[in-house]
file protein_11.txt (compact mmCIF, C-alpha atoms)
# COMPACT_ATOMS: atom_id res chain seq x y z
CA MET A 1 -5.68 -7.64 31.71
CA GLU A 2 -9.12 -6.74 30.44
CA ASN A 3 -9.42 -4.09 27.77
CA ILE A 4 -11.77 -2.75 25.13
CA PHE A 5 -11.07 -3.04 21.41
CA TYR A 6 -13.14 -2.17 18.37
CA ILE A 7 -13.27 -5.25 16.19
CA ASN A 8 -15.12 -5.16 12.88
CA ASN A 9 -16.92 -2.00 13.99
CA LYS A 10 -18.13 -3.52 17.25
CA GLU A 11 -16.92 -2.78 20.75
CA LYS A 12 -15.34 -5.90 22.20
CA ARG A 13 -14.06 -6.45 25.73
CA MET A 14 -11.30 -9.05 25.86
CA VAL A 15 -9.21 -10.57 28.63
CA HIS A 16 -5.60 -11.15 27.62
CA GLY A 17 -2.18 -11.74 29.13
CA GLU A 18 0.35 -8.95 29.58
CA GLU A 19 2.69 -10.48 27.03
CA GLU A 20 0.01 -11.96 24.78
CA LEU A 21 0.11 -11.43 21.04
CA LEU A 22 -2.89 -10.08 19.15
CA LEU A 23 -3.05 -13.23 17.04
CA ASP A 24 -3.55 -15.37 20.15
CA THR A 25 -6.12 -13.03 21.67
CA LEU A 26 -8.18 -12.88 18.49
CA ARG A 27 -8.13 -16.64 18.00
CA ASN A 28 -9.00 -17.22 21.67
CA TYR A 29 -12.09 -15.11 21.11
CA GLY A 30 -13.15 -17.05 18.01
CA TYR A 31 -11.78 -14.90 15.24
CA SER A 32 -10.47 -18.01 13.51
CA GLU A 33 -10.33 -16.21 10.16
CA VAL A 34 -7.05 -14.76 11.46
CA LYS A 35 -4.66 -17.57 10.56
CA ARG A 36 -1.57 -18.71 12.40
CA GLY A 37 1.24 -19.26 9.91
CA CYS A 38 4.91 -18.73 10.65
CA ASP A 39 4.57 -16.83 13.96
CA GLU A 40 7.57 -14.74 12.84
CA GLY A 41 6.01 -11.93 10.83
CA GLU A 42 7.11 -13.43 7.53
CA CYS A 43 4.13 -15.16 5.92
CA GLY A 44 1.42 -12.57 6.57
CA SER A 45 -1.39 -15.12 7.11
CA CYS A 46 -2.25 -13.50 10.45
CA MET A 47 -2.80 -10.08 8.87
CA VAL A 48 -5.47 -7.77 10.24
CA LEU A 49 -6.05 -4.10 9.60
CA LEU A 50 -5.09 -1.99 12.61
CA ASN A 51 -6.69 1.43 12.30
CA GLY A 52 -7.06 0.65 8.59
CA LYS A 53 -3.45 -0.41 7.97
CA PRO A 54 -2.20 -3.97 7.46
CA VAL A 55 -0.16 -5.45 10.31
CA ASN A 56 0.93 -8.96 11.21
CA SER A 57 -1.02 -9.81 14.36
CA CYS A 58 1.71 -12.27 15.40
CA ARG A 59 4.05 -9.27 15.82
CA VAL A 60 1.70 -7.02 17.80
CA PHE A 61 1.22 -7.20 21.56
CA THR A 62 -2.46 -6.99 22.45
CA ALA A 63 -1.73 -4.65 25.34
CA ALA A 64 -0.03 -2.22 22.95
CA ILE A 65 -3.18 -1.54 20.95
CA ILE A 66 -5.99 -1.20 23.48
CA GLU A 67 -9.02 0.80 22.36
CA GLN A 68 -7.86 0.66 18.74
CA GLU A 69 -9.73 -0.49 15.63
CA ILE A 70 -9.10 -3.98 14.30
CA THR A 71 -10.57 -5.33 11.07
CA THR A 72 -10.51 -9.01 10.16
CA VAL A 73 -11.66 -10.34 6.82
CA LYS A 74 -15.15 -10.92 8.24
CA GLY A 75 -15.33 -7.19 8.88
CA ILE A 76 -15.39 -6.42 5.18
CA GLY A 77 -17.74 -9.20 4.08
CA ASP A 78 -18.92 -12.71 4.91
CA ILE A 79 -20.40 -15.69 3.14
CA HIS A 80 -23.89 -14.13 3.17
CA HIS A 81 -22.76 -10.67 2.12
CA PRO A 82 -19.42 -11.06 0.35
CA HIS A 83 -17.39 -8.03 -0.57
CA ALA A 84 -16.58 -7.47 -4.27
CA ILE A 85 -13.00 -8.55 -3.52
CA GLN A 86 -14.17 -11.86 -2.05
CA GLU A 87 -16.42 -12.43 -5.08
CA ALA A 88 -13.50 -11.69 -7.38
CA PHE A 89 -11.23 -14.18 -5.59
CA VAL A 90 -13.85 -16.92 -6.06
CA GLU A 91 -14.62 -16.03 -9.68
CA THR A 92 -10.96 -16.02 -10.76
CA GLY A 93 -10.05 -19.23 -8.92
CA ALA A 94 -7.61 -17.34 -6.72
CA VAL A 95 -8.44 -19.55 -3.73
CA GLN A 96 -6.83 -22.96 -3.48
CA CYS A 97 -6.14 -24.20 0.05
CA GLY A 98 -7.56 -20.88 1.29
CA PHE A 99 -5.18 -20.45 4.19
CA CYS A 100 -3.69 -17.16 2.97
CA THR A 101 -6.96 -15.92 1.48
CA PRO A 102 -8.23 -13.83 4.44
CA ALA A 103 -4.94 -11.95 4.49
CA MET A 104 -4.85 -11.65 0.69
CA VAL A 105 -8.37 -10.19 0.70
CA LEU A 106 -7.44 -7.70 3.42
CA SER A 107 -4.30 -6.71 1.50
CA ALA A 108 -6.36 -6.16 -1.63
CA TYR A 109 -8.93 -4.16 0.35
CA HIS A 110 -6.23 -1.85 1.73
CA LEU A 111 -4.61 -1.52 -1.69
CA LEU A 112 -7.83 -0.71 -3.55
CA LYS A 113 -8.95 1.77 -0.94
CA ASN A 114 -5.75 3.71 -1.54
CA ILE A 115 -5.24 3.01 -5.24
CA PRO A 116 -8.58 2.18 -6.94
CA ASN A 117 -6.97 1.40 -10.32
CA PRO A 118 -3.61 -0.16 -9.53
CA THR A 119 -1.02 -1.16 -12.12
CA ASP A 120 0.41 -4.70 -12.06
CA GLU A 121 3.46 -3.39 -10.22
CA GLN A 122 1.32 -1.59 -7.64
CA ILE A 123 -0.64 -4.80 -7.08
CA GLN A 124 2.57 -6.76 -6.54
CA VAL A 125 3.83 -4.19 -4.03
CA GLY A 126 0.44 -3.90 -2.32
CA MET A 127 0.16 -7.67 -1.88
CA GLU A 128 3.80 -8.22 -0.88
CA GLY A 129 3.05 -8.90 2.78
CA VAL A 130 1.32 -12.24 2.26
CA LEU A 131 2.84 -15.45 0.95
CA CYS A 132 0.80 -18.03 -1.02
CA ARG A 133 2.24 -21.51 -1.53
CA CYS A 134 -0.49 -22.75 -3.89
CA THR A 135 -1.45 -20.37 -6.65
CA GLY A 136 1.74 -18.85 -7.96
CA TYR A 137 0.09 -15.43 -7.52
CA ILE A 138 -1.15 -15.09 -11.13
CA LYS A 139 -4.78 -15.72 -10.21
CA ILE A 140 -4.49 -13.57 -7.11
CA ILE A 141 -3.32 -10.66 -9.24
CA ASP A 142 -6.18 -11.39 -11.67
CA ALA A 143 -8.57 -11.33 -8.70
CA VAL A 144 -7.34 -7.92 -7.56
CA LYS A 145 -7.79 -6.55 -11.09
CA LEU A 146 -11.32 -7.97 -11.28
CA ALA A 147 -12.10 -6.61 -7.82
CA ALA A 148 -10.93 -3.15 -8.89
CA LYS A 149 -13.30 -3.33 -11.85
CA LYS A 150 -16.20 -4.58 -9.72
CA MET A 151 -15.64 -1.93 -7.10
CA LYS A 152 -15.50 0.75 -9.75
CA ASP A 153 -18.69 -0.61 -11.32
CA TYR A 154 -20.65 -0.98 -8.12
CA GLU A 155 -18.88 1.56 -5.94
CA LYS A 156 -18.96 -1.03 -3.22
CA ILE A 157 -16.14 0.34 -1.11
CA SER A 158 -17.38 2.21 1.90
CA MET B 1 3.51 -16.23 36.01
CA LYS B 2 5.17 -12.89 36.73
CA LYS B 3 2.88 -9.84 36.55
CA ILE B 4 4.14 -7.11 34.27
CA LYS B 5 2.55 -3.69 34.25
CA TRP B 6 1.94 -1.81 31.02
CA GLU B 7 2.27 1.97 31.29
CA TYR B 8 0.93 4.36 28.67
CA PRO B 9 2.53 7.78 29.17
CA GLU B 10 1.01 10.61 27.15
CA GLN B 11 3.76 13.16 27.78
CA ILE B 12 7.51 12.81 27.28
CA GLU B 13 8.31 13.85 30.87
CA GLU B 14 5.98 11.15 32.16
CA ALA B 15 7.73 8.58 29.95
CA LEU B 16 11.14 9.73 31.18
CA ASP B 17 10.08 9.22 34.80
CA LEU B 18 9.01 5.68 33.96
CA ILE B 19 12.18 4.67 32.11
CA ARG B 20 14.39 5.71 35.04
CA ASP B 21 13.53 2.26 36.35
CA ASP B 22 16.35 0.04 35.04
CA LYS B 23 13.94 -2.86 34.75
CA ALA B 24 11.56 -0.96 32.47
CA VAL B 25 11.20 -2.34 28.94
CA ILE B 26 10.54 0.33 26.31
CA HIS B 27 7.94 -0.59 23.68
CA GLY B 28 8.37 1.74 20.75
CA GLY B 29 5.61 0.28 18.62
CA GLY B 30 7.74 -1.96 16.39
CA THR B 31 8.08 -5.70 15.93
CA HIS B 32 11.37 -6.51 17.60
CA LEU B 33 10.36 -7.30 21.19
CA THR B 34 9.42 -10.84 22.09
CA SER B 35 7.17 -12.06 24.91
CA LYS B 36 10.30 -13.40 26.64
CA GLN B 37 11.93 -9.96 26.57
CA LEU B 38 8.78 -8.43 28.08
CA ASN B 39 9.00 -10.95 30.90
CA ASN B 40 12.53 -9.81 31.71
CA GLY B 41 11.22 -6.42 32.82
CA ASN B 42 9.10 -5.11 35.70
CA ARG B 43 7.07 -2.82 33.54
CA ILE B 44 6.56 -2.07 29.90
CA VAL B 45 6.54 1.55 28.89
CA CYS B 46 4.46 1.81 25.74
CA LEU B 47 5.37 5.01 23.88
CA ASP B 48 2.49 4.83 21.43
CA LYS B 49 0.55 7.76 22.91
CA LEU B 50 3.46 10.23 22.86
CA PRO B 51 3.12 13.05 20.31
CA LEU B 52 6.12 11.88 18.29
CA ASN B 53 4.50 10.79 15.05
CA TYR B 54 5.28 13.36 12.38
CA VAL B 55 7.50 14.35 9.46
CA LYS B 56 7.92 18.09 8.98
CA ARG B 57 10.19 20.62 7.28
CA GLU B 58 11.53 23.21 9.69
CA ASP B 59 14.62 25.42 10.03
CA GLY B 60 16.47 23.82 7.12
CA SER B 61 15.87 20.28 8.37
CA ILE B 62 13.43 17.48 7.79
CA LYS B 63 12.36 16.44 11.27
CA MET B 64 10.96 12.98 11.90
CA GLY B 65 9.26 12.10 15.17
CA SER B 66 10.75 8.93 16.59
CA LEU B 67 7.42 7.07 16.61
CA THR B 68 6.77 7.61 12.90
CA ASP B 69 6.49 4.30 11.07
CA TYR B 70 8.48 3.47 7.95
CA ASN B 71 5.52 3.64 5.55
CA SER B 72 4.52 7.10 6.79
CA ILE B 73 8.09 8.32 6.38
CA VAL B 74 8.31 6.98 2.83
CA GLU B 75 4.96 8.53 1.91
CA ARG B 76 5.80 11.95 3.36
CA LEU B 77 9.38 12.09 2.05
CA ASN B 78 8.18 11.25 -1.43
CA GLU B 79 5.87 14.26 -1.17
CA ILE B 80 8.68 16.51 0.06
CA GLU B 81 11.32 15.28 -2.39
CA PRO B 82 10.38 12.47 -4.78
CA GLY B 83 13.07 9.80 -4.78
CA HIS B 84 14.54 10.84 -1.42
CA ILE B 85 17.27 8.41 -0.36
CA LEU B 86 15.39 7.38 2.81
CA ALA B 87 12.26 6.66 0.78
CA LYS B 88 14.39 4.53 -1.54
CA SER B 89 15.90 2.56 1.32
CA LEU B 90 12.88 2.20 3.63
CA GLY B 91 10.23 1.70 0.92
CA PRO B 92 11.25 -1.87 0.06
CA ALA B 93 12.34 -2.82 3.61
CA ALA B 94 10.58 -5.91 5.03
CA THR B 95 6.90 -5.96 4.00
CA ILE B 96 4.05 -3.48 4.05
CA SER B 97 2.66 -4.95 7.31
CA ILE B 98 6.02 -4.75 9.04
CA ARG B 99 6.71 -1.24 7.73
CA ASN B 100 3.41 -0.15 9.27
CA ARG B 101 4.80 -1.12 12.69
CA ILE B 102 8.54 -0.37 12.55
CA THR B 103 9.25 3.08 13.94
CA ILE B 104 12.27 5.12 12.96
CA GLY B 105 13.26 5.73 16.58
CA GLY B 106 13.02 2.06 17.53
CA SER B 107 14.94 1.11 14.44
CA LEU B 108 17.73 3.56 15.23
CA ARG B 109 17.92 2.40 18.84
CA LEU B 110 18.27 -1.24 17.79
CA ALA B 111 20.29 -0.57 14.62
CA PRO B 112 20.69 -4.21 13.60
CA ASN B 113 23.38 -5.02 11.06
CA TRP B 114 20.71 -5.57 8.40
CA SER B 115 19.12 -2.15 8.89
CA ASP B 116 18.02 -0.21 5.80
CA LEU B 117 17.99 2.97 7.89
CA ILE B 118 21.55 3.41 9.08
CA GLY B 119 23.43 3.85 5.77
CA PRO B 120 21.29 6.77 4.56
CA LEU B 121 21.29 8.44 7.99
CA ILE B 122 25.10 8.33 8.17
CA ALA B 123 25.44 9.57 4.59
CA LEU B 124 23.01 12.43 5.28
CA GLU B 125 24.88 13.30 8.48
CA ALA B 126 21.64 12.99 10.40
CA ARG B 127 21.31 14.05 14.02
CA VAL B 128 19.23 12.59 16.78
CA LYS B 129 17.44 14.49 19.51
CA LEU B 130 17.54 12.75 22.87
CA LYS B 131 15.61 13.40 26.08
CA GLY B 132 16.36 11.98 29.51
CA ALA B 133 19.70 11.16 31.11
CA ASN B 134 21.53 12.22 27.92
CA SER B 135 19.46 15.10 26.59
CA GLY B 136 20.75 16.93 23.55
CA LEU B 137 21.26 16.82 19.82
CA PHE B 138 23.86 14.30 18.68
CA PRO B 139 25.19 13.04 15.36
CA VAL B 140 23.58 9.66 14.60
CA LYS B 141 27.11 8.30 14.21
CA ASP B 142 27.83 9.13 17.88
CA TYR B 143 24.54 7.63 19.03
CA LEU B 144 25.42 4.37 17.29
CA THR B 145 28.91 4.16 18.73
CA GLN B 146 28.48 5.52 22.27
CA LYS B 147 26.47 3.00 24.26
CA GLU B 148 26.14 5.32 27.25
CA LEU B 149 23.90 7.66 25.24
CA LYS B 150 21.15 5.02 25.28
CA SER B 151 20.78 4.58 29.01
CA GLN B 152 17.54 5.99 30.49
CA THR B 153 17.18 8.10 27.38
CA LEU B 154 14.50 8.39 24.73
CA ILE B 155 14.97 9.29 21.09
CA THR B 156 12.39 11.97 20.35
CA GLU B 157 13.37 13.15 16.87
CA ILE B 158 15.69 12.44 13.97
CA LEU B 159 16.80 15.38 11.85
CA ILE B 160 18.23 15.30 8.35
CA PRO B 161 19.39 18.33 6.36
CA ASP B 162 16.71 19.53 3.95
CA THR B 163 18.96 19.54 0.91
CA SER B 164 18.69 17.83 -2.44
CA TRP B 165 21.01 15.01 -3.49
CA ASP B 166 21.14 12.60 -6.40
CA SER B 167 21.15 9.23 -4.75
CA TRP B 168 21.63 5.51 -5.21
CA TYR B 169 20.79 2.77 -2.75
CA TYR B 170 21.55 -0.92 -2.89
CA ARG B 171 20.67 -3.74 -0.54
CA GLU B 172 22.18 -7.19 -0.98
CA GLY B 173 19.60 -9.67 0.25
CA ILE B 174 21.70 -12.63 1.21
CA THR B 175 20.38 -13.69 4.57
CA LYS B 176 17.60 -16.19 5.17
CA ASN B 177 14.92 -13.59 5.89
CA ASP B 178 15.90 -11.38 2.96
CA HIS B 179 17.36 -8.84 5.34
CA PRO B 180 20.16 -6.96 3.62
CA GLY B 181 23.53 -8.66 3.98
CA PHE B 182 25.04 -5.26 3.28
CA THR B 183 23.79 -1.90 2.05
CA ILE B 184 25.38 0.83 -0.02
CA THR B 185 24.26 4.46 0.05
CA ILE B 186 25.70 6.96 -2.40
CA LEU B 187 24.76 10.65 -2.44
CA VAL B 188 26.16 13.13 -4.96
CA LYS B 189 25.81 16.82 -5.71
CA ARG B 190 26.93 18.03 -9.10
CA LYS B 191 27.30 21.44 -10.68
CA LYS B 192 27.33 20.86 -14.41
CA ASN B 193 30.13 18.29 -14.76
CA ALA B 194 31.88 19.05 -11.50
CA LEU B 195 31.29 16.70 -8.61
CA GLU B 196 30.73 19.13 -5.75
CA ASP B 197 30.05 16.72 -2.94
CA ILE B 198 29.74 12.99 -2.39
CA ALA B 199 28.98 10.62 0.46
CA ILE B 200 29.38 6.85 0.24
CA VAL B 201 28.38 4.60 3.14
CA LEU B 202 28.71 0.84 3.35
CA THR B 203 26.94 -1.09 6.15
CA GLY B 204 26.72 -4.75 7.11
CA HIS B 205 30.42 -5.47 7.71
CA THR B 206 32.19 -6.14 10.97
CA ASP B 207 32.50 -2.39 11.72
CA ARG B 208 28.71 -2.09 11.10
CA PHE B 209 28.94 1.10 9.04
CA MET B 210 31.67 3.05 7.35
CA ARG B 211 31.88 6.20 5.31
CA LEU B 212 34.24 5.52 2.41
CA SER B 213 36.16 8.77 2.71
CA GLU B 214 39.14 7.66 0.60
CA ILE B 215 36.96 7.09 -2.43
CA GLU B 216 35.03 10.29 -1.73
CA ASP B 217 38.29 12.28 -1.62
CA GLN B 218 39.45 10.73 -4.89
CA LEU B 219 36.27 11.87 -6.62
CA LYS B 220 35.33 15.17 -4.98
CA GLY B 221 35.81 18.25 -7.16
CA LYS B 222 36.59 16.21 -10.28
CA ASP B 223 35.01 16.51 -13.70
CA THR B 224 32.65 13.55 -13.94
CA ASP B 225 33.37 13.15 -17.68
CA GLN B 226 37.04 12.56 -16.89
CA LEU B 227 36.53 10.09 -14.07
CA ASP B 228 37.80 6.56 -14.43
CA LEU B 229 35.60 4.50 -12.13
CA LYS B 230 36.91 1.07 -13.05
CA ASP B 231 37.90 -0.86 -9.91
CA ILE B 232 37.40 2.33 -7.87
CA ALA B 233 36.34 0.35 -4.80
CA LYS B 234 38.78 -2.52 -5.17
CA GLY B 235 40.81 -3.37 -2.08
CA LEU B 236 38.55 -1.87 0.57
CA ASP B 237 39.91 -2.33 4.08
CA ILE B 238 36.70 -3.89 5.34
CA LYS B 239 35.80 -7.34 6.66
CA PHE B 240 32.50 -9.14 6.22
CA VAL B 241 31.33 -12.28 7.91
CA SER B 242 30.58 -15.18 5.60
CA ALA B 243 26.90 -15.42 4.76
CA LYS B 244 24.78 -18.32 3.55
CA GLY B 245 27.23 -20.15 1.34
CA MET B 246 29.31 -17.07 0.52
CA SER B 247 32.77 -16.48 1.93
CA SER B 248 33.58 -13.13 3.54
CA ASP B 249 35.94 -12.37 0.63
CA TYR B 250 33.19 -13.03 -1.85
CA VAL B 251 30.73 -10.76 0.01
CA LYS B 252 33.42 -8.07 0.01
CA HIS B 253 33.93 -8.56 -3.73
CA LEU B 254 30.15 -8.16 -4.23
CA ALA B 255 30.18 -4.92 -2.23
CA GLU B 256 33.13 -3.52 -4.20
CA THR B 257 31.44 -4.39 -7.47
CA GLN B 258 28.16 -2.79 -6.45
CA ILE B 259 29.84 0.42 -5.27
CA GLU B 260 31.48 0.74 -8.69
CA ARG B 261 28.15 0.05 -10.36
CA GLY B 262 26.36 2.66 -8.25
CA LEU B 263 28.97 5.32 -9.00
CA ILE B 264 28.75 4.59 -12.72
CA GLU B 265 24.95 4.82 -12.63
CA LEU B 266 25.02 8.12 -10.75
CA LEU B 267 27.99 9.82 -12.40
CA LYS B 268 28.05 8.48 -15.93
CA SER B 269 24.35 8.38 -16.78

call {"tool": "encode", "arguments": {"input": "protein_11.txt", "output": "structure tokens"}}
result
Amino acid sequence: MENIFYINNKEKRMVHGEEELLLDTLRNYGYSEVKRGCDEGECGSCMVLLNGKPVNSCRVFTAAIIEQEITTVKGIGDIHHPHAIQEAFVETGAVQCGFCTPAMVLSAYHLLKNIPNPTDEQIQVGMEGVLCRCTGYIKIIDAVKLAAKKMKDYEKIS
Amino acid sequence: MKKIKWEYPEQIEEALDLIRDDKAVIHGGGTHLTSKQLNNGNRIVCLDKLPLNYVKREDGSIKMGSLTDYNSIVERLNEIEPGHILAKSLGPAATISIRNRITIGGSLRLAPNWSDLIGPLIALEARVKLKGANSGLFPVKDYLTQKELKSQTLITEILIPDTSWDSWYYREGITKNDHPGFTITILVKRKKNALEDIAIVLTGHTDRFMRLSEIEDQLKGKDTDQLDLKDIAKGLDIKFVSAKGMSSDYVKHLAETQIERGLIELLKS
């Protein structure tokens, strides 16, 4: 099948199998920031935003979401133009092995768009979909708090 | 490899025509289907474009379109009635990413034993609107027990009475994926100290779901100040399967203990 998708605000035509999962399609097309973790919808490493909402791309059939909007972590900022959330993750030491980081950043982005000044509990709930095996979450929560402050200061969210 | 055709009906009638094919696989937007299951069919009928994504108050009911995802339901029900039992049960189900995909209709059709949906729907005496070979409005209880209602039929809407209850929900996460091993739903209506109405539903046992009518009858109409709730649920005639290091008797003991706890929290606080 060949279909159009809107990935990181750009129209993208992709060829994919009828039963192919979005995770596989995205990685086949070089979106390697979308990580393959458990393949069961548990770890959240493969998270993307689908029409602005977090989903596990390993649990979404590509054919089920044609012509829809997909955002990967590179859609909100890259190494040359990092988003305030990405800066905050680096500054607080919230990145260790980095495998879960793209999904953590996307979770934080979705959370802060909806709740600009979250409480600790709201952060924990907002980040619940991604597992980290390195940091123990403390620094990740610190990063989200710092990102909230940065975004408030610079009004960086679009 | 076998070619499978994806169909994207935009109207319910169009979808019904497509699912008359016994080899059609219905994709309701959730996360349950696997690639292997898709390959078992001739065609996949993707319901995503049907206008069945809504939660609205109408004619004394809260009506939920079958393609509404869990997070949208929680958000909307919390606006309609903060602390609604379905918001309590669905809000912590799975994770935010999964709740953005699971649809209420798909979840009811599958109704796995670990579902956070079924207990509250049974307690609320919810009804389900079906279109297709078995069109009509049916109690959810009947839909879950009568297999023939599912054949060549789509769930289009789930209706719950738009009435206010005090509620308590408990999920025992004892399976490897933190799915509930069992769930308890308790709804009560009180007028001053009198317990006007009560519904208690236990899911996750070998009968899947059960309304605990004997306990309800013991409590209904009584003065809550005079109630003795100690061991109220002891000796339930229900069987559980053993789960992850816990015997079936122990799981049953946990359920009995939690029912008592829930009743105390609701009626004695």

call {"tool": "residues_around", "arguments": {"input": "protein_11.txt", "residues": "Pro51 of chain B", "least_positions_apart": "3", "cutoff": "9 Å", "atoms": "all atoms listed in the file", "output": "PDB file with C-alpha atoms, in the coordinates of the input"}}
result
ATOM      1  CA  GLU B  10       1.010  10.610  27.150  1.00  0.00           C
ATOM      2  CA  GLN B  11       3.760  13.160  27.780  1.00  0.00           C
ATOM      3  CA  ILE B  12       7.510  12.810  27.280  1.00  0.00           C
ATOM      4  CA  ASP B  48       2.490   4.830  21.430  1.00  0.00           C
ATOM      5  CA  TYR B  54       5.280  13.360  12.380  1.00  0.00           C
ATOM      6  CA  GLY B  65       9.260  12.100  15.170  1.00  0.00           C
ATOM      7  CA  LEU B  67       7.420   7.070  16.610  1.00  0.00           C
TER       8      LEU B  67
END

call {"tool": "interface_residues", "arguments": {"input": "protein_11.txt", "of": "chain B", "to": "chain A", "cutoff": "6 Å", "atoms": "all atoms listed in the file", "output": "ChimeraX atom specification"}}
result
/B:31,35,95-97

call {"tool": "atom_distance", "arguments": {"input": "protein_11.txt", "atom1": "atom CA of Ser89 of chain B", "atom2": "atom CA of Gly245 of chain B"}}
result
25.4 Å

call {"tool": "residues_near_point", "arguments": {"input": "protein_11.txt", "point": "(-11.5, -16.8, 15.4)", "cutoff": "12 Å", "atoms": "all atoms listed in the file", "output": "PDB file with C-alpha atoms, in the coordinates of the input"}}
result
ATOM      1  CA  ILE A   7     -13.270  -5.250  16.190  1.00  0.00           C
ATOM      2  CA  LEU A  22      -2.890 -10.080  19.150  1.00  0.00           C
ATOM      3  CA  LEU A  23      -3.050 -13.230  17.040  1.00  0.00           C
ATOM      4  CA  ASP A  24      -3.550 -15.370  20.150  1.00  0.00           C
ATOM      5  CA  THR A  25      -6.120 -13.030  21.670  1.00  0.00           C
ATOM      6  CA  LEU A  26      -8.180 -12.880  18.490  1.00  0.00           C
ATOM      7  CA  ARG A  27      -8.130 -16.640  18.000  1.00  0.00           C
ATOM      8  CA  ASN A  28      -9.000 -17.220  21.670  1.00  0.00           C
ATOM      9  CA  TYR A  29     -12.090 -15.110  21.110  1.00  0.00           C
ATOM     10  CA  GLY A  30     -13.150 -17.050  18.010  1.00  0.00           C
ATOM     11  CA  TYR A  31     -11.780 -14.900  15.240  1.00  0.00           C
ATOM     12  CA  SER A  32     -10.470 -18.010  13.510  1.00  0.00           C
ATOM     13  CA  GLU A  33     -10.330 -16.210  10.160  1.00  0.00           C
ATOM     14  CA  VAL A  34      -7.050 -14.760  11.460  1.00  0.00           C
ATOM     15  CA  LYS A  35      -4.660 -17.570  10.560  1.00  0.00           C
ATOM     16  CA  ARG A  36      -1.570 -18.710  12.400  1.00  0.00           C
ATOM     17  CA  CYS A  46      -2.250 -13.500  10.450  1.00  0.00           C
ATOM     18  CA  THR A  72     -10.510  -9.010  10.160  1.00  0.00           C
ATOM     19  CA  VAL A  73     -11.660 -10.340   6.820  1.00  0.00           C
ATOM     20  CA  LYS A  74     -15.150 -10.920   8.240  1.00  0.00           C
ATOM     21  CA  PRO A 102      -8.230 -13.830   4.440  1.00  0.00           C
TER      22      PRO A 102
END

call {"tool": "closest_residue", "arguments": {"input": "protein_11.txt", "among": "B:Arg43, B:Ala87, B:Ile186, B:Asn100", "to": "Asn51 of chain A", "atoms": "all atoms listed in the file"}}
result
B:Asn100

call {"tool": "residues_around", "arguments": {"input": "protein_11.txt", "residues": "Ile138 of chain A", "least_positions_apart": "5", "cutoff": "10 Å", "atoms": "only C-alpha atoms", "output": "MDAnalysis selection string"}}
result
chainID A and resid 92 94 143

call {"tool": "closest_residue", "arguments": {"input": "protein_11.txt", "among": "B:Asp22, B:Asp207, B:Glu214, B:Glu172", "to": "Asp116 of chain B", "atoms": "only C-alpha atoms"}}
result
B:Glu172

call {"tool": "atom_distance", "arguments": {"input": "protein_11.txt", "atom1": "atom CA of Met210 of chain B", "atom2": "atom CA of Leu124 of chain B"}}
result
12.9 Å

call {"tool": "atom_distance", "arguments": {"input": "protein_11.txt", "atom1": "atom CA of Leu137 of chain B", "atom2": "atom CA of Gly204 of chain B"}}
result
25.6 Å

call {"tool": "residues_around", "arguments": {"input": "protein_11.txt", "residues": "Phe240 of chain B", "least_positions_apart": "3", "cutoff": "6 Å", "atoms": "only C-alpha atoms", "output": "count of residues only"}}
result
3

call {"tool": "residues_around", "arguments": {"input": "protein_11.txt", "residues": "Lys10 of chain A", "least_positions_apart": "4", "cutoff": "10 Å", "atoms": "all atoms listed in the file", "output": "PyMOL selection string"}}
result
chain A and resi 5-6+69-71+75

call {"tool": "residues_near_point", "arguments": {"input": "protein_11.txt", "point": "(-10.3, -7.9, 27.2)", "cutoff": "8 Å", "atoms": "all atoms listed in the file", "output": "PyMOL selection string"}}
result
chain A and resi 1-5+12-16

call {"tool": "write_last_selection", "arguments": {"input": "protein_11.txt", "atoms": "C-alpha atoms", "output": "PDB file, in the coordinates of the input"}}
result
ATOM      1  CA  MET A   1      -5.680  -7.640  31.710  1.00  0.00           C
ATOM      2  CA  GLU A   2      -9.120  -6.740  30.440  1.00  0.00           C
ATOM      3  CA  ASN A   3      -9.420  -4.090  27.770  1.00  0.00           C
ATOM      4  CA  ILE A   4     -11.770  -2.750  25.130  1.00  0.00           C
ATOM      5  CA  PHE A   5     -11.070  -3.040  21.410  1.00  0.00           C
ATOM      6  CA  LYS A  12     -15.340  -5.900  22.200  1.00  0.00           C
ATOM      7  CA  ARG A  13     -14.060  -6.450  25.730  1.00  0.00           C
ATOM      8  CA  MET A  14     -11.300  -9.050  25.860  1.00  0.00           C
ATOM      9  CA  VAL A  15      -9.210 -10.570  28.630  1.00  0.00           C
ATOM     10  CA  HIS A  16      -5.600 -11.150  27.620  1.00  0.00           C
TER      11      HIS A  16
END

call {"tool": "closest_residue", "arguments": {"input": "protein_11.txt", "among": "A:Ile76, A:Thr101, A:Ala148, A:Cys38", "to": "Asn114 of chain A", "atoms": "only C-alpha atoms"}}
result
A:Ala148
